[in-house]
$ cat work_16.cif   # mmCIF, C-alpha atoms; chains and numbers go by the auth columns
data_upload
loop_
_atom_site.group_PDB
_atom_site.id
_atom_site.type_symbol
_atom_site.label_atom_id
_atom_site.label_comp_id
_atom_site.label_asym_id
_atom_site.label_seq_id
_atom_site.Cartn_x
_atom_site.Cartn_y
_atom_site.Cartn_z
_atom_site.B_iso_or_equiv
_atom_site.auth_seq_id
_atom_site.auth_asym_id
ATOM 1 C CA MET A 1 -27.874 -57.511 -2.752 0.00 21 A
ATOM 2 C CA SER A 2 -26.791 -58.522 0.635 0.00 22 A
ATOM 3 C CA GLN A 3 -27.891 -56.661 3.744 0.00 23 A
ATOM 4 C CA SER A 4 -24.413 -55.163 4.308 0.00 24 A
ATOM 5 C CA LYS A 5 -24.381 -53.691 0.788 0.00 25 A
ATOM 6 C CA VAL A 6 -27.826 -52.183 1.361 0.00 26 A
ATOM 7 C CA ASP A 7 -26.698 -50.656 4.672 0.00 27 A
ATOM 8 C CA ASN A 8 -23.558 -49.168 3.076 0.00 28 A
ATOM 9 C CA TYR A 9 -25.634 -47.682 0.240 0.00 29 A
ATOM 10 C CA LYS A 10 -28.029 -46.048 2.721 0.00 30 A
ATOM 11 C CA LYS A 11 -25.104 -44.549 4.667 0.00 31 A
ATOM 12 C CA GLU A 12 -23.577 -43.200 1.473 0.00 32 A
ATOM 13 C CA LYS A 13 -26.893 -41.746 0.336 0.00 33 A
ATOM 14 C CA ALA A 14 -27.436 -40.067 3.732 0.00 34 A
ATOM 15 C CA GLY A 15 -24.036 -38.304 3.647 0.00 35 A
ATOM 16 C CA ARG A 16 -24.053 -37.506 -0.068 0.00 36 A
ATOM 17 C CA LYS A 17 -24.994 -33.800 0.339 0.00 37 A
ATOM 18 C CA GLN A 18 -22.277 -33.201 2.909 0.00 38 A
ATOM 19 C CA ALA A 19 -19.713 -34.981 0.746 0.00 39 A
ATOM 20 C CA LEU A 20 -20.614 -32.828 -2.271 0.00 40 A
ATOM 21 C CA LYS A 21 -20.409 -29.649 -0.174 0.00 41 A
ATOM 22 C CA ARG A 22 -17.013 -30.700 1.172 0.00 42 A
ATOM 23 C CA LYS A 23 -15.783 -31.509 -2.342 0.00 43 A
ATOM 24 C CA LYS A 24 -16.917 -28.107 -3.702 0.00 44 A
ATOM 25 C CA LEU A 25 -15.369 -26.292 -0.742 0.00 45 A
ATOM 26 C CA LEU A 26 -12.033 -28.042 -1.209 0.00 46 A
ATOM 27 C CA ARG A 27 -12.091 -27.303 -4.952 0.00 47 A
ATOM 28 C CA ALA A 28 -12.692 -23.579 -4.264 0.00 48 A
ATOM 29 C CA LEU A 29 -9.985 -23.559 -1.584 0.00 49 A
ATOM 30 C CA TYR A 30 -7.485 -25.124 -3.990 0.00 50 A
ATOM 31 C CA ALA A 31 -8.359 -22.500 -6.616 0.00 51 A
ATOM 32 C CA VAL A 32 -7.812 -19.639 -4.141 0.00 52 A
ATOM 33 C CA ILE A 33 -4.476 -21.093 -3.034 0.00 53 A
ATOM 34 C CA ALA A 34 -3.381 -21.528 -6.664 0.00 54 A
ATOM 35 C CA VAL A 35 -4.273 -17.915 -7.508 0.00 55 A
ATOM 36 C CA ALA A 36 -2.423 -16.664 -4.414 0.00 56 A
ATOM 37 C CA VAL A 37 0.698 -18.618 -5.377 0.00 57 A
ATOM 38 C CA VAL A 38 0.624 -17.325 -8.958 0.00 58 A
ATOM 39 C CA VAL A 39 0.140 -13.719 -7.811 0.00 59 A
ATOM 40 C CA GLY A 40 2.931 -14.122 -5.249 0.00 60 A
ATOM 41 C CA PHE A 41 5.337 -15.375 -7.897 0.00 61 A
ATOM 42 C CA GLY A 42 4.266 -12.525 -10.180 0.00 62 A
ATOM 43 C CA PHE A 43 5.057 -9.912 -7.548 0.00 63 A
ATOM 44 C CA LEU A 44 8.332 -11.639 -6.738 0.00 64 A
ATOM 45 C CA ILE A 45 9.413 -11.625 -10.374 0.00 65 A
ATOM 46 C CA TYR A 46 8.222 -8.046 -10.949 0.00 66 A
ATOM 47 C CA PHE A 47 10.011 -6.554 -7.948 0.00 67 A
ATOM 48 C CA SER A 48 13.196 -8.573 -8.474 0.00 68 A
ATOM 49 C CA THR A 49 13.583 -7.492 -12.123 0.00 69 A
ATOM 50 C CA ARG A 50 12.867 -3.787 -11.601 0.00 70 A
ATOM 51 C CA PRO A 51 15.980 -1.653 -11.959 0.00 71 A
ATOM 52 C CA GLN A 52 17.226 -0.106 -8.741 0.00 72 A
ATOM 53 C CA TYR A 53 18.401 3.483 -9.097 0.00 73 A
ATOM 54 C CA ASP A 54 20.947 4.894 -6.692 0.00 74 A
ATOM 55 C CA VAL A 55 20.289 8.613 -6.711 0.00 75 A
ATOM 56 C CA ASN A 56 22.844 10.811 -5.037 0.00 76 A
ATOM 57 C CA MET A 57 22.180 14.533 -5.302 0.00 77 A
ATOM 58 C CA GLU A 58 25.829 15.414 -4.728 0.00 78 A
ATOM 59 C CA ASP A 59 26.902 13.425 -7.793 0.00 79 A
ATOM 60 C CA SER A 60 24.311 15.079 -10.031 0.00 80 A
ATOM 61 C CA LYS A 61 25.303 15.798 -13.640 0.00 81 A
ATOM 62 C CA PHE A 62 23.627 19.187 -13.631 0.00 82 A
ATOM 63 C CA ASP A 63 24.499 22.123 -11.502 0.00 83 A
ATOM 64 C CA GLU A 64 21.682 24.479 -10.531 0.00 84 A
ATOM 65 C CA VAL A 65 22.276 26.906 -13.410 0.00 85 A
ATOM 66 C CA ALA A 66 22.288 24.164 -16.061 0.00 86 A
ATOM 67 C CA LEU A 67 19.220 22.507 -14.568 0.00 87 A
ATOM 68 C CA ALA A 68 17.392 25.833 -14.356 0.00 88 A
ATOM 69 C CA SER A 69 18.113 26.598 -18.006 0.00 89 A
ATOM 70 C CA ALA A 70 17.082 23.086 -19.086 0.00 90 A
ATOM 71 C CA LEU A 71 13.772 23.396 -17.239 0.00 91 A
ATOM 72 C CA GLY A 72 13.111 26.959 -18.377 0.00 92 A
ATOM 73 C CA TYR A 73 13.541 28.338 -14.901 0.00 93 A
ATOM 74 C CA ASP A 74 13.455 32.153 -14.997 0.00 94 A
ATOM 75 C CA GLY A 75 15.217 32.864 -11.740 0.00 95 A
ATOM 76 C CA VAL A 76 12.170 33.408 -9.535 0.00 96 A
ATOM 77 C CA ASN A 77 12.822 32.095 -6.060 0.00 97 A
ATOM 78 C CA ILE A 78 9.993 30.392 -4.144 0.00 98 A
ATOM 79 C CA THR A 79 10.986 32.270 -1.014 0.00 99 A
ATOM 80 C CA ASP A 80 9.934 35.491 -2.766 0.00 100 A
ATOM 81 C CA TYR A 81 6.329 34.347 -2.466 0.00 101 A
ATOM 82 C CA ILE A 82 6.471 33.115 1.114 0.00 102 A
ATOM 83 C CA GLU A 83 5.631 35.811 3.614 0.00 103 A
ATOM 84 C CA PRO A 84 7.795 36.004 6.738 0.00 104 A
ATOM 85 C CA LYS A 85 6.281 34.647 9.928 0.00 105 A
ATOM 86 C CA GLU A 86 4.650 37.408 11.937 0.00 106 A
ATOM 87 C CA ASP A 87 4.068 37.633 15.662 0.00 107 A
ATOM 88 C CA VAL A 88 0.768 36.106 16.673 0.00 108 A
ATOM 89 C CA ALA A 89 -1.407 38.157 19.009 0.00 109 A
ATOM 90 C CA GLU A 90 -3.973 36.343 21.128 0.00 110 A
ATOM 91 C CA GLU A 91 -6.595 37.863 23.369 0.00 111 A
ATOM 92 C CA THR A 92 -6.997 36.553 26.879 0.00 112 A
ATOM 93 C CA PRO A 93 -10.405 36.391 28.564 0.00 113 A
ATOM 94 C CA GLU A 94 -9.595 39.612 30.459 0.00 114 A
ATOM 95 C CA GLY A 95 -9.144 41.507 27.179 0.00 115 A
ATOM 96 C CA GLU A 96 -5.348 41.767 27.347 0.00 116 A
ATOM 97 C CA GLN A 97 -3.266 40.949 24.321 0.00 117 A
ATOM 98 C CA VAL A 98 -0.504 38.377 24.595 0.00 118 A
ATOM 99 C CA VAL A 99 2.172 38.388 21.902 0.00 119 A
ATOM 100 C CA GLU A 100 3.983 35.151 21.172 0.00 120 A
ATOM 101 C CA ALA A 101 7.251 35.362 19.309 0.00 121 A
ATOM 102 C CA THR A 102 9.706 32.676 18.456 0.00 122 A
ATOM 103 C CA ALA A 103 13.003 33.029 20.317 0.00 123 A
ATOM 104 C CA THR A 104 16.278 32.031 18.774 0.00 124 A
ATOM 105 C CA ALA A 105 18.944 30.460 20.934 0.00 125 A
ATOM 106 C CA GLU A 106 22.459 31.785 20.442 0.00 126 A
#

$ encode --input "work_16.cif" --output "structure tokens"
Amino acid sequence: MSQSKVDNYKKEKAGRKQALKRKKLLRALYAVIAVAVVVGFGFLIYFSTRPQYDVNMEDSKFDEVALASALGYDGVNITDYIEPKEDVAEETPEGEQVVEATATAE
């Protein structure tokens, strides 16, 4: 072997570990990019083929009575179970009570 071939071999041998690390890193990076592209296309296809429903409550097929009978609704109103808002009394440091009430604007 000539001296130039020997020198080139020594340089290659000295940087062999770094070259292998770089090669493994690039291989892993390519794999991550490939997975990201495949997942991106999957989401794109999934969300583009999903049916879009336009729900308008005013154009509903059922009126409240028909819907209530279909669902087995017995006519109990949720507002029957909600207690009306009462005035809140707070005590001040002097021992006086302050009553807060909501005012309605007319």

$ atom_distance --input "work_16.cif" --atom1 "CA of Leu64 (chain A)" --atom2 "CA of Leu45 (chain A)"
28.5 Å

$ axis_aligned_box --input "work_16.cif" --around "region 35-51 of chain A" --padding-each-side "6 Å" --output "lines of an AutoDock Vina configuration file"
center_x = -16.2
center_y = -30.4
center_z = -1.5
size_x = 29.5
size_y = 27.8
size_z = 22.3

$ atom_distance --input "work_16.cif" --atom1 "CA of Ile65 (chain A)" --atom2 "CA of Leu49 (chain A)"
24.4 Å
